[in-house]
Protein chains: 2
Amino acid sequence: MADSISFARGAPSLDIIDIEGLKASATESFSEDPGGVTGYGTAGGYAPLRKWIAERHGVGVEQVIVTNGSMQADAFLFDELVQAGDSVAVERPTYDRTLLGLLERGADVKMIELEPDGIDTAALRAELEAGLRPRFAHIIPNFQNPAGYTLSQAKREELLALAAEYDFLIFEDDPYIEIRFTGEPLPTMLSLDGDGGHVVYASSFSKTVCPGIRVGYLVGPAPLIKEITTAATNTYISPDMVAQGIVYQFCVSGRIEQSVKTVSAALADRVAALTAALDEHLPDAKYNAPEGGYFMWVELPEGTDVAALEQAAAERDVVFVKGEDFVIEGATNQLRLAYSGVTPAQISEGIERLADAYRSL
Amino acid sequence: MADSISFARGAPSLDIIDIEGLKASATESFSEDPGGVTGYGTAGGYAPLRKWIAERHGVGVEQVIVTNGSMQADAFLFDELVQAGDSVAVERPTYDRTLLGLLERGADVKMIELEPDGIDTAALRAELEAGLRPRFAHIIPNFQNPAGYTLSQAKREELLALAAEYDFLIFEDDPYIEIRFTGEPLPTMLSLDGDGGHVVYASSFSKTVCPGIRVGYLVGPAPLIKEITTAATNTYISPDMVAQGIVYQFCVSGRIEQSVKTVSAALADRVAALTAALDEHLPDAKYNAPEGGYFMWVELPEGTDVAALEQAAAERDVVFVKGEDFVIEGATNQLRLAYSGVTPAQISEGIERLADAYRSL
């Protein structure tokens with residue numbers, strides 16, 4: 001039986017995690033601030049890390065809360081903002097866990113088509129003109145999960161204008177921003193908005209330090225962050241101070257910049273291997289090569305049964321996630337390939353197997 | 001201005017935390033299982049720690065979920081079990097955050113008087129006979145927060161019999177169990193219940209490793225743990241693997257036993273200093289000296305205004321938590337003294353100040 005090859009999970013392979021840097025960061029953290037990292041702390045997060053994040057985004061600390069991973073931040077935000085029946089606009093396709101979190105809370109989710117340069121702002125405008133009044137629009141601006149697409153500067157500005165005109169929040173969900181391996185970085189909507197108060201920004205250290213450390217954060221209007229901090233206090237008193245102390249040392253030591261370089265270089269190679277393998281073995285696949293991040297969206301010819309392909313691929317020990325998991329309905333000929341956890345050699349082999357599965361349908 | 005002395009917070013002082021042991025545990029954890037602690041893991045918790053806990057309690061791993069602190073475990077449990085209007089029985093007084101968590105979810109909270117040997121089981125029986133049908137009874141069996149009292153073996157057995165007869169769960173909330181410095185350990189209700197399925201047990205490493213590491217857990221019937229694990233997945237994917245890896249190494253290296261000895265010895269000294277100082281300076285104070293844990297409950301003569309005492313004490317730079325914070329109403333002449341974070345010298349000085357404040361009323 002061949003080794004299983006997984007394009008399913010958005011997680012880095014171990015070879016691009018800086019284990020020695022983590023060890024050093026842990027030792028430094030316990031040495032330099034033993035009371036701060038072993039004590040309860042407060043729900044806003046480990047104070048030095050919170051300050052580091054605030055400075056990086058040019059905001060006050062009262063606009064930042066650091067949480068046990070950014071999913072936990074999302075959960076607090078949704079609990080705060082979403083009542084059953086509230087409208088929320090999201091990209092189509094979008095991150096399946098976000099979709100689940102919104103649907104579980106009874107949100108009336110309006111999916112707006114995602115284009116290679118980001119959400120279809122004209123379609124969103126038409127919905128708003130027709131009466132849609134979303135509580136917020138959830139946007140993954142860089143190297144979107146699942147599609148790998150990036151929101152253009154023009155569309156960032158247009159979204160902010162729509163948010164101001166129709167008075168909704170933009171939830172800028174940006175965990176992949178640092179992992180750009182080609183093209184030019186674009187400004188965050190948070191920074192473009194200035195003091196406008198239209199953006200809540202989320203990011204995480206899962207892609208730059210490691211996922212297991214579960215450190216994410218929100219930046220937003222101070223009153224909203226204060227409400228979420230109260231909810232966090234009542235949920236868990238404080239997030240993990242030990243983990244946040246390690247992340248802080250990883251950041252201030254400069255290890256994070258080296259880690260970003262390592263990860264970005266590896267992922268660039270993996271995308272190159274993926275596109276080469278698709279072009280060679282599965283030329284029916286249509287895709288837009290991402291400029292960063294973990295994921296690539298693949299469209300197969302109209303009528304291809306990707307659910308059947310999943311089955312045929314599993315029989316060949318290769319797995320991926322069906323496109324339909326990222327939408328409310330449709331996308332049955334589409335799929336997500338995560339290339340973050342597989343080597344170029346595994347990618348070539350995996351796409352050969354996928355192509356064989358495709359031909360078997 | 002004198003240094004402030006705090007009897008308010010249930011947290012250990014830094015001198016009884018094993019910082020070097022934490023550093024070693026972190027290094028070992030990253031060395032021995034780099035993939036396990038840096039990857040996402042699953043919502044059940046870091047697998048080796050989950051297994052260690054299961055073995056310690058003599059249950060299967062499917063009966064254990066490890067969370068970001070035990071408050072987070074409580075929150076999941078309450079979300080799972082408590083609908084607005086549901087009855088829940090708790091001790092009077094009880095931990096203020098538990099009370100808040102239940103009241104926030106709309107529970108109909110029935111407080112049952114706590115006696116020096118634990119909850120008044122006769123009063124609970126009378127309530128049950130009169131029709132009370134609690135979803136669960138929340139019990140802190142060892143060195144209760146806030147009272148410091150311990151539930152007797154006879155009452156443990158009686159509670160289990162009531163739970164079986166009236167079909168409710170016992171939520172055995174037991175973070176202090178390891179911190180016994182005098183008297184004999186008593187069996188957990190979880191162990192007495194065997195396969196009865198009437199107990200959900202919670203504990204934490206906050207008192208044996210350190211609070212900032214935020215690692216707690218639940219042990220309970222497998223179907224309930226499975227439901228909570230699904231909720232945990234949807235909330236944060238997985239808890240902090242790095243923190244749980246450190247705790248695991250702290251446990252298997254035997255450092256945890258040494259830490260328990262250090263903490264217990266220090267807290268025994270602190271209780272001795274506290275009772276001696278009260279007897280000398282504030283003989284009006286009535287108390288039952290705890291056999292372990294962090295807290296002691298103090299009753300002042302009927303009619304003493306503890307809210308006014310709090311103010312007078314604060315003017316003398318000494319703080320504590322009023323009794324009324326741990327009940328729904330009453331306890332206005334009672335207070336909680338936490339001795340975990342203060343040295344014997346600070347305790348003597350603090351009680352002298354408290355006595356001076358008392359005389360000023």
# chains A, B, ... in the order shown; residues from 1 in each chain; ligands from 1
>>> interface_residues(of="chain B", to="chain A", cutoff="7 Å", atoms="only C-alpha atoms", output="PyMOL selection string")
chain B and resi 14+19+23+26-27+30+34-35+37-41+69+71-72+75+210-214+235-236+239-243
>>> residues_around(residues="segment 314-317 of chain A", least_positions_apart="2", cutoff="12 Å", atoms="only C-alpha atoms", output="VMD selection string")
chain A and resid 1 to 8 306 to 312 319 to 321 346 349 to 358 360
>>> select_by_dssp(residues="segment 49-251 of chain A", states="strand (DSSP E or B)", output="NGL selection string")
:A and (64-67 or 87-92 or 108-115 or 118-119 or 136-139 or 169-173 or 180 or 199-204 or 216-219)
>>> select_by_dssp(residues="segment 38-258 of chain B", states="helix (DSSP H, G or I)", output="VMD selection string")
chain B and resid 38 47 to 57 61 to 63 70 to 81 96 to 104 121 to 129 153 to 166 189 to 193 211 to 213 222 to 236 241 to 252 255 to 258
>>> atom_distance(atom1="atom CA of Ala163 of chain B", atom2="atom CA of Leu99 of chain B")
20.7 Å
>>> atom_distance(atom1="atom CA of Asn145 of chain A", atom2="atom CA of Tyr294 of chain A")
7.8 Å
>>> atom_distance(atom1="atom CA of Met111 of chain B", atom2="atom CA of Gly293 of chain B")
22.2 Å
